[in-house]
Amino acid sequence: MKLSVLTKALEIPYSGEDFEVIAINTLQDASADEISFLDNKKYIDTLKETKAGAVFIKEEFVPLLPAGVEPIVSKNPYLSMAYASKYFAFDLIRKTSASKISKSAIIQENVHIGNGVNIEDNVTILANAFIGEEVTIGEGSIIYPNVTIYNDAKIGKNCTIHANTVIGSDGFGYAHTAEGAHVKIYHNGKVVLEDNVEIGANSCVDRAVFAQTLIKEGTKIDNLVQIGHNVEIGSRCILVSQSGLSGSTKLGRNVVMGGQSAAAGHLEIGDFTTIAARGGVTKSIKGGEVYSGFPLLKHKDWLKLQAKISKFFNK
Amino acid sequence: MKLSVLTKALEIPYSGEDFEVIAINTLQDASADEISFLDNKKYIDTLKETKAGAVFIKEEFVPLLPAGVEPIVSKNPYLSMAYASKYFAFDLIRKTSASKISKSAIIQENVHIGNGVNIEDNVTILANAFIGEEVTIGEGSIIYPNVTIYNDAKIGKNCTIHANTVIGSDGFGYAHTAEGAHVKIYHNGKVVLEDNVEIGANSCVDRAVFAQTLIKEGTKIDNLVQIGHNVEIGSRCILVSQSGLSGSTKLGRNVVMGGQSAAAGHLEIGDFTTIAARGGVTKSIKGGEVYSGFPLLKHKDWLKLQAKISKFFNK
Amino acid sequence: MKLSVLTKALEIPYSGEDFEVIAINTLQDASADEISFLDNKKYIDTLKETKAGAVFIKEEFVPLLPAGVEPIVSKNPYLSMAYASKYFAFDLIRKTSASKISKSAIIQENVHIGNGVNIEDNVTILANAFIGEEVTIGEGSIIYPNVTIYNDAKIGKNCTIHANTVIGSDGFGYAHTAEGAHVKIYHNGKVVLEDNVEIGANSCVDRAVFAQTLIKEGTKIDNLVQIGHNVEIGSRCILVSQSGLSGSTKLGRNVVMGGQSAAAGHLEIGDFTTIAARGGVTKSIKGGEVYSGFPLLKHKDWLKLQAKISKFFNK
């Protein structure tokens with residue numbers, strides 16, 4: 001889509017250089033045929049190094065754009081990006097290449113296999129599962145009944161996905177108008193599961209807005225767990241039932257999230273951290289220790305605090 | 001069903017006027033060919049104005065019935081209503097009119113379409129979804145794979161329902177016998193989604209016992225969210241993952257429920273309220289402010305309290 | 001599988017008596033043609049009475065084995081058992097006897113019925129449900145769309161399982177290597193639902209590792225609830241939405257678990273206990289009372305404590 005056509009559709013005046021826009025991307029990852037946006041002052045350093053062809057930007061920050069990057073001036077760049085994202089949303093149903101299914105794969109009846117799918121050797125897919133467009137399922141993986149795998153997901157080798165779990169649903173991302181309406185940000189990113197990942201029943205892993213939601217080798221996830229968009233989970237983590245990770249949070253390796261625990265978005269939780277059941281993480285933590293409670297404390301401090309509270313008020 | 005036949009089946013003596021009962025309803029909404037029940041003293045004012053044909057009622061309240069409303073005397077009116085509800089439960093599988101499906105709708109394979117369904121223009125329904133009896137799906141809506149929409153639900157225009165979400169499941173309502181058994185209250189109410197509602201994956205919206213569970217225009221709901229029976233959610237609300245609303249609670253417009261937050265039943269949460277992640281609402285609140293914690297406090301008070309607790313016990 | 005072959009595959013030296021091993025089981029339940037494991041010192045008394053043919057065991061505890069029970073010496077018996085469990089995992093797809101389906105059962109289209117299934121009179125199974133191998137569904141039960149029932153589950157009479165719920169998924173059980181990898185413990189146990197059990201939408205009941213996960217007569221479970229492996233729930237319990245029970249916990253009769261409440265594993269919660277919404281149970285409790293909070297207190301004490309905290313810090 002020509003940038004002139006896009007800006008006209010968005011009702012944004014634009015008189016800069018015109019070019020064919022192929023996608024929206026982050027400031028960091030955008031290339032010259034992509035557009036991006038500056039939403040938050042803390043990304044100004046990234047702005048200065050962007051390779052994007054054009055950027056939705058507030059007037060005041062235009063002077064900071066590198067040479068050759070066109071400004072698309074907007075009072076609300078994030079909202080403009082959200083409106084624009086609709087024009088770049090991937091097709092839900094595609095006419096791409098035929099699917100490639102190994103002869104050794106066992107696929108029960110009423111499994112939907114999309115176009116351009118690649119199912120490797122010794123995969124088992126039980127009845128009534130849904131495998132979306134251009135999904136890859138690695139050797140030896142098992143997909144249980146009524147699982148839904150959205151378009152573009154990459155499932156590694158020897159993964160197990162239990163019944164009714166959803167991989168690749170849209171991230172929960174909206175921009176907001178002055179009137180309080182929520183404008184959907186279309187998510188073209190994907191979900192990538194490395195090898196030996198097991199996910200329980202009725203869990204959800206959202207696709208990324210750009211790039212990918214990533215679950216690394218050997219991580220095990222229980223039932224009814226929520227993994228937000230653009231989350232990155234290190235290798236060999238354990239996420240117990242009903243825990244949740246908000247968007248863009250990163251876990252190191254061998255992190256344990258206890259039952260009903262959660263982490264807010266855009267945090268980093270270091271290697272070998274354990275969050276006890278019900279723990280609520282709202283700041284990044286370095287790793288190697290056990291934490292509890294909400295507000296979160298080191299587990300032993302939380303135990304002491306609870307004992308002190310109990311003692312003090314019962315005296 | 002004749003009231004005399006019903007009361008005989010319930011083993012309740014009845015010698016009042018007989019008539020054909022068509023349904024059970026609330027005191028407020030019941031008409032002369034419906035029956036109702038008085039379970040809670042606080043509804044006595046409503047009792048005095050009911051138009052119901054007959055009412056399950058304790059002996060002591062019989063004198064308060066308006067003229068022309070027959071008493072069905074019961075020691076446990078709620079339990080009697082629960083037993084009676086079975087006789088009025090709508091059929092799960094029906095032989096109603098043929099379904100009406102727009103030619104512009106895209107419906108993938110193995111989608112179950114019930115009887116009397118109405119699917120409007122440009123609807124997309126992906127494989128293995130279930131659309132129950134007499135469901136309506138408005139123009140431009142997208143139903144993802146393995147979604148289950150129970151009978152009678154009304155989905156507005158441009159709604160999106162993500163994979164494996166359930167719309168219209170029975171509310172969790174039982175009356176209890178003296179021996180501690182739970183007697184199911186059959187739910188004949190429906191779910192209504194207005195336009196531009198988006199619901200994430202693996203969420204649940206229960207049908208109403210009477211009338212409807214209502215989600216108004218432009219509200220966005222994340223994954224793994226629970227919406228109880230008879231809940232009413234105003235326009236443009238945001239419900240983040242793993243949050244839950246108990247039965248009959250009402251949200252105003254632009255209310256935000258953070259991740260893993262919840263509200264007890266029969267509450268009102270006013271316009272522009274934000275409940276932070278993990279907040280637990282147990283009393284009605286007026287709106288326009290941010291709340292946190294459990295017990296719930298204004299967010300800034302909760303922050304202060306946590307800081308004071310931490311400081312006091314660490315001194 | 002011969003024990004000599006198994007131990008060779010596991011790379012464990014073994015020179016004891018050889019025999020055909022038919023299964024792994026607990027110390028308590030294992031018979032002479034089964035093997036077991038001692039993982040925790042607290043089971044030493046059980047060890048002394050085991051009837052197992054052989055036991056994975058640390059060298060130091062070998063002298064405690066009863067006569068005739070062979071030691072399989074391992075530095076990490078639990079890990080050895082996990083590796084061994086793979087060799088005894090039941091087949092996912094089986095060629096057992098034909099299924100027996102009552103003529104009075106109503107089964108909609110695209111329902112997967114496994115081998116050796118028994119569906120009794122007047123059962124209703126709605127479209128797109130999955131009924132695994134050797135499942136039994138008792139008279140009058142209703143299975144809603146997109147439900148997944150894994151192999152070997154036993155569903156009692158007049159049970160109702162709402163849409164997209166999963167019965168019999170693998171328990172979340174792993175042994176851990178010194179390098180932090182998680183080794184799956186294959187679960188051959190089953191799920192048993194007694195009569196008149198109702199389970200809401202998008203809930204999960206995990207199968208047992210050995211023996212069974214049991215939900216007794218008349219218990220009602222709401223939406224999005226997690227029931228871990230080997231849990232036992234007494235008759236007429238109520239589990240409200242988004243609550244969770246960890247593995248091997250036992251509930252007595254008429255226990256109520258409020259919304260978003262939870263219990264840790266291996267606990268006992270006595271008859272007629274009520275855990276209020278959000279309550280978190282970490283120790284066994286006798287029953288007959290109402291509890292709240294996390295850490296858990298008697299409900300009236302929790303209310304008092306919260307009032308005291310509020311008063312003290314606001315003075």
# chains A, B, ... in the order shown; residues from 1 in each chain; ligands from 1
>>> residues_around(residues="Asn196 (chain B)", least_positions_apart="5", cutoff="6 Å", atoms="only C-alpha atoms", output="PyMOL selection string")
chain B and resi 158-159+217-218
>>> residues_around(residues="region 130-139 of chain C", least_positions_apart="2", cutoff="6 Å", atoms="only C-alpha atoms", output="number ranges by chain")
C: 111-123, 141, 148-157
>>> interface_residues(of="chain C", to="chain A", cutoff="7 Å", atoms="only C-alpha atoms", output="PyMOL selection string")
chain C and resi 112+128+130+146+148+164+166+169+172+180-182+202+204+305+308
>>> write_last_selection(atoms="all heavy atoms", output="compact mmCIF listing (two decimals), in the first residue's frame")
# COMPACT_ATOMS: atom_id res chain seq x y z
N HIS C 112 -16.17 -37.30 18.13
CA HIS C 112 -15.23 -38.42 18.06
C HIS C 112 -15.55 -39.40 19.19
O HIS C 112 -15.57 -39.00 20.37
CB HIS C 112 -13.79 -37.93 18.20
CG HIS C 112 -12.81 -39.04 18.31
ND1 HIS C 112 -12.17 -39.60 17.24
CD2 HIS C 112 -12.36 -39.74 19.40
CE1 HIS C 112 -11.37 -40.57 17.64
NE2 HIS C 112 -11.47 -40.67 18.95
N ASN C 128 -18.97 -31.96 17.92
CA ASN C 128 -17.55 -31.61 18.04
C ASN C 128 -16.92 -31.96 19.38
O ASN C 128 -15.80 -31.53 19.67
CB ASN C 128 -17.32 -30.12 17.73
CG ASN C 128 -17.70 -29.75 16.31
OD1 ASN C 128 -18.01 -30.63 15.50
ND2 ASN C 128 -17.68 -28.47 15.97
N PHE C 130 -15.18 -34.68 22.01
CA PHE C 130 -14.21 -35.77 21.83
C PHE C 130 -14.32 -36.72 23.01
O PHE C 130 -14.10 -36.32 24.16
CB PHE C 130 -12.79 -35.20 21.75
CG PHE C 130 -11.72 -36.25 21.58
CD1 PHE C 130 -11.21 -36.54 20.32
CD2 PHE C 130 -11.22 -36.95 22.67
CE1 PHE C 130 -10.21 -37.49 20.15
CE2 PHE C 130 -10.23 -37.92 22.51
CZ PHE C 130 -9.72 -38.19 21.23
N ASN C 146 -17.48 -29.39 22.00
CA ASN C 146 -16.06 -29.11 22.14
C ASN C 146 -15.47 -29.54 23.48
O ASN C 146 -14.35 -29.14 23.83
CB ASN C 146 -15.76 -27.62 21.88
CG ASN C 146 -15.99 -27.24 20.43
OD1 ASN C 146 -15.59 -27.97 19.53
ND2 ASN C 146 -16.66 -26.12 20.19
N THR C 148 -13.56 -32.16 25.72
CA THR C 148 -12.61 -33.24 25.46
C THR C 148 -12.54 -34.16 26.68
O THR C 148 -12.21 -33.70 27.77
CB THR C 148 -11.19 -32.69 25.19
OG1 THR C 148 -11.25 -31.81 24.06
CG2 THR C 148 -10.21 -33.82 24.92
N ASN C 164 -16.29 -27.09 26.12
CA ASN C 164 -14.85 -26.83 26.10
C ASN C 164 -14.13 -27.20 27.38
O ASN C 164 -12.97 -26.82 27.58
CB ASN C 164 -14.58 -25.36 25.73
CG ASN C 164 -15.01 -25.04 24.31
OD1 ASN C 164 -16.19 -25.15 24.00
ND2 ASN C 164 -14.09 -24.68 23.45
N VAL C 166 -12.24 -29.89 29.82
CA VAL C 166 -11.34 -31.00 29.55
C VAL C 166 -11.30 -31.93 30.76
O VAL C 166 -10.99 -31.50 31.87
CB VAL C 166 -9.92 -30.48 29.23
CG1 VAL C 166 -8.95 -31.64 29.02
CG2 VAL C 166 -9.95 -29.59 28.00
N SER C 169 -6.97 -34.73 31.27
CA SER C 169 -5.66 -34.30 30.77
C SER C 169 -4.57 -34.75 31.75
O SER C 169 -4.83 -34.98 32.93
CB SER C 169 -5.64 -32.79 30.60
OG SER C 169 -6.35 -32.16 31.66
N PHE C 172 0.19 -32.40 36.00
CA PHE C 172 1.40 -31.59 35.80
C PHE C 172 2.49 -32.14 36.69
O PHE C 172 2.77 -31.61 37.76
CB PHE C 172 1.07 -30.14 36.13
CG PHE C 172 2.08 -29.14 35.63
CD1 PHE C 172 2.35 -29.01 34.28
CD2 PHE C 172 2.75 -28.30 36.51
CE1 PHE C 172 3.27 -28.05 33.81
CE2 PHE C 172 3.66 -27.35 36.06
CZ PHE C 172 3.92 -27.23 34.70
N GLY C 180 18.42 -29.32 35.53
CA GLY C 180 17.20 -28.50 35.51
C GLY C 180 16.24 -28.84 34.38
O GLY C 180 15.31 -28.08 34.11
N ALA C 181 16.44 -29.98 33.73
CA ALA C 181 15.45 -30.41 32.73
C ALA C 181 14.30 -31.12 33.46
O ALA C 181 14.48 -31.66 34.56
CB ALA C 181 16.09 -31.35 31.72
N HIS C 182 13.12 -31.08 32.84
CA HIS C 182 11.93 -31.65 33.46
C HIS C 182 11.56 -32.93 32.72
O HIS C 182 11.32 -32.90 31.52
CB HIS C 182 10.79 -30.65 33.41
CG HIS C 182 11.21 -29.29 33.88
ND1 HIS C 182 11.69 -29.07 35.14
CD2 HIS C 182 11.27 -28.09 33.25
CE1 HIS C 182 12.01 -27.79 35.28
NE2 HIS C 182 11.77 -27.17 34.14
N ASN C 202 -14.94 -24.60 30.11
CA ASN C 202 -13.51 -24.28 30.13
C ASN C 202 -12.82 -24.63 31.45
O ASN C 202 -11.88 -23.95 31.88
CB ASN C 202 -13.29 -22.79 29.81
CG ASN C 202 -13.18 -22.53 28.31
OD1 ASN C 202 -12.67 -23.35 27.57
ND2 ASN C 202 -13.67 -21.38 27.86
N CYS C 204 -10.89 -27.77 33.90
CA CYS C 204 -9.96 -28.87 33.66
C CYS C 204 -9.94 -29.82 34.84
O CYS C 204 -9.79 -29.36 35.98
CB CYS C 204 -8.53 -28.35 33.52
SG CYS C 204 -8.29 -27.14 32.22
N LEU C 305 -8.84 -8.77 61.50
CA LEU C 305 -7.47 -8.38 61.19
C LEU C 305 -7.44 -7.25 60.17
O LEU C 305 -6.72 -6.26 60.33
CB LEU C 305 -6.68 -9.60 60.66
CG LEU C 305 -5.24 -9.30 60.22
CD1 LEU C 305 -4.39 -8.83 61.39
CD2 LEU C 305 -4.60 -10.53 59.57
N LYS C 308 -8.44 -4.07 61.86
CA LYS C 308 -7.38 -3.57 62.73
C LYS C 308 -6.26 -2.93 61.92
O LYS C 308 -5.73 -1.88 62.28
CB LYS C 308 -6.78 -4.72 63.56
CG LYS C 308 -7.65 -5.15 64.74
CD LYS C 308 -7.00 -6.36 65.41
CE LYS C 308 -7.78 -6.84 66.62
NZ LYS C 308 -7.21 -8.11 67.15
>>> atom_distance(atom1="CA of Ser4 (chain C)", atom2="CA of Ile57 (chain C)")
16.1 Å
>>> select_by_dssp(residues="region 40-228 of chain A", states="alpha helix (DSSP H)", output="ChimeraX atom specification")
/A:44-47,77-85
>>> select_by_dssp(residues="region 139-177 of chain B", states="strand (DSSP E)", output="ChimeraX atom specification")
/B:142-143,148-149,154-155,160-161,166-169,174-176
>>> write_last_selection(atoms="all heavy atoms", output="tab-separated table (two decimals), in the first residue's frame")
chain	number	residue	atom	x	y	z
B	142	ILE	N	-16.55	-12.22	13.48
B	142	ILE	CA	-15.64	-13.35	13.27
B	142	ILE	C	-15.73	-14.30	14.46
B	142	ILE	O	-15.54	-13.87	15.61
B	142	ILE	CB	-14.18	-12.88	13.13
B	142	ILE	CG1	-14.05	-11.88	11.98
B	142	ILE	CG2	-13.24	-14.07	12.91
B	142	ILE	CD1	-12.65	-11.27	11.88
B	143	ILE	N	-16.00	-15.56	14.16
B	143	ILE	CA	-16.05	-16.59	15.22
B	143	ILE	C	-14.89	-17.54	14.95
B	143	ILE	O	-14.83	-18.19	13.91
B	143	ILE	CB	-17.39	-17.36	15.17
B	143	ILE	CG1	-18.59	-16.40	15.13
B	143	ILE	CG2	-17.48	-18.34	16.33
B	143	ILE	CD1	-18.76	-15.51	16.32
B	148	THR	N	-17.78	-22.20	21.27
B	148	THR	CA	-19.12	-22.75	21.46
B	148	THR	C	-20.08	-21.62	21.81
B	148	THR	O	-19.87	-20.93	22.82
B	148	THR	CB	-19.14	-23.78	22.61
B	148	THR	OG1	-18.22	-24.84	22.30
B	148	THR	CG2	-20.53	-24.36	22.81
B	149	ILE	N	-21.08	-21.44	20.98
B	149	ILE	CA	-22.14	-20.47	21.31
B	149	ILE	C	-23.41	-21.24	21.59
B	149	ILE	O	-23.94	-21.93	20.71
B	149	ILE	CB	-22.34	-19.46	20.15
B	149	ILE	CG1	-21.00	-18.76	19.85
B	149	ILE	CG2	-23.43	-18.45	20.52
B	149	ILE	CD1	-21.08	-17.70	18.77
B	154	LYS	N	-27.27	-13.72	21.18
B	154	LYS	CA	-27.32	-12.70	20.13
B	154	LYS	C	-25.97	-12.02	20.07
B	154	LYS	O	-25.57	-11.34	21.04
B	154	LYS	CB	-28.39	-11.64	20.45
B	154	LYS	CG	-29.78	-12.17	20.75
B	154	LYS	CD	-30.49	-12.68	19.50
B	154	LYS	CE	-31.74	-13.48	19.86
B	154	LYS	NZ	-32.05	-14.54	18.89
B	155	ILE	N	-25.28	-12.19	18.97
B	155	ILE	CA	-23.96	-11.57	18.79
B	155	ILE	C	-24.13	-10.39	17.83
B	155	ILE	O	-24.68	-10.56	16.74
B	155	ILE	CB	-22.96	-12.59	18.16
B	155	ILE	CG1	-22.99	-13.94	18.91
B	155	ILE	CG2	-21.57	-12.00	18.09
B	155	ILE	CD1	-22.51	-13.89	20.33
B	160	THR	N	-15.78	-10.01	17.58
B	160	THR	CA	-14.76	-11.05	17.36
B	160	THR	C	-14.74	-11.94	18.60
B	160	THR	O	-14.60	-11.44	19.72
B	160	THR	CB	-13.37	-10.42	17.17
B	160	THR	OG1	-13.42	-9.53	16.05
B	160	THR	CG2	-12.31	-11.48	16.92
B	161	ILE	N	-14.89	-13.23	18.36
B	161	ILE	CA	-14.85	-14.17	19.50
B	161	ILE	C	-13.73	-15.15	19.23
B	161	ILE	O	-13.77	-15.91	18.25
B	161	ILE	CB	-16.19	-14.88	19.68
B	161	ILE	CG1	-17.28	-13.82	19.92
B	161	ILE	CG2	-16.13	-15.86	20.86
B	161	ILE	CD1	-18.65	-14.37	20.10
B	166	VAL	N	-16.52	-19.73	25.27
B	166	VAL	CA	-17.87	-20.26	25.42
B	166	VAL	C	-18.84	-19.12	25.75
B	166	VAL	O	-18.63	-18.40	26.72
B	166	VAL	CB	-17.91	-21.33	26.53
B	166	VAL	CG1	-19.33	-21.84	26.74
B	166	VAL	CG2	-16.97	-22.48	26.19
B	167	ILE	N	-19.85	-18.98	24.94
B	167	ILE	CA	-20.86	-17.94	25.14
B	167	ILE	C	-22.18	-18.63	25.45
B	167	ILE	O	-22.66	-19.44	24.65
B	167	ILE	CB	-21.05	-17.09	23.86
B	167	ILE	CG1	-19.72	-16.52	23.35
B	167	ILE	CG2	-22.10	-16.01	24.06
B	167	ILE	CD1	-19.13	-15.46	24.22
B	168	GLY	N	-22.76	-18.33	26.61
B	168	GLY	CA	-24.11	-18.82	26.89
B	168	GLY	C	-24.20	-20.09	27.70
B	168	GLY	O	-25.29	-20.67	27.80
B	169	SER	N	-23.11	-20.51	28.31
B	169	SER	CA	-23.18	-21.67	29.20
B	169	SER	C	-24.08	-21.33	30.39
B	169	SER	O	-24.28	-20.18	30.73
B	169	SER	CB	-21.78	-22.03	29.68
B	169	SER	OG	-21.02	-20.86	29.93
B	174	TYR	N	-27.78	-22.78	41.92
B	174	TYR	CA	-28.43	-23.94	42.53
B	174	TYR	C	-29.18	-23.48	43.77
B	174	TYR	O	-28.76	-22.55	44.45
B	174	TYR	CB	-27.40	-24.99	42.95
B	174	TYR	CG	-26.56	-25.47	41.80
B	174	TYR	CD1	-25.37	-24.82	41.48
B	174	TYR	CD2	-26.96	-26.55	41.02
B	174	TYR	CE1	-24.61	-25.23	40.40
B	174	TYR	CE2	-26.19	-26.96	39.94
B	174	TYR	CZ	-25.02	-26.30	39.63
B	174	TYR	OH	-24.27	-26.69	38.56
B	175	ALA	N	-30.27	-24.16	44.07
B	175	ALA	CA	-30.87	-24.04	45.40
B	175	ALA	C	-30.42	-25.26	46.19
B	175	ALA	O	-29.99	-26.25	45.60
B	175	ALA	CB	-32.38	-23.99	45.28
B	176	HIS	N	-30.49	-25.17	47.49
B	176	HIS	CA	-29.90	-26.22	48.32
B	176	HIS	C	-30.95	-26.86	49.22
B	176	HIS	O	-31.74	-26.16	49.86
B	176	HIS	CB	-28.77	-25.63	49.15
B	176	HIS	CG	-27.86	-24.79	48.32
B	176	HIS	ND1	-26.98	-25.33	47.41
B	176	HIS	CD2	-27.74	-23.44	48.19
B	176	HIS	CE1	-26.36	-24.35	46.77
B	176	HIS	NE2	-26.79	-23.20	47.23
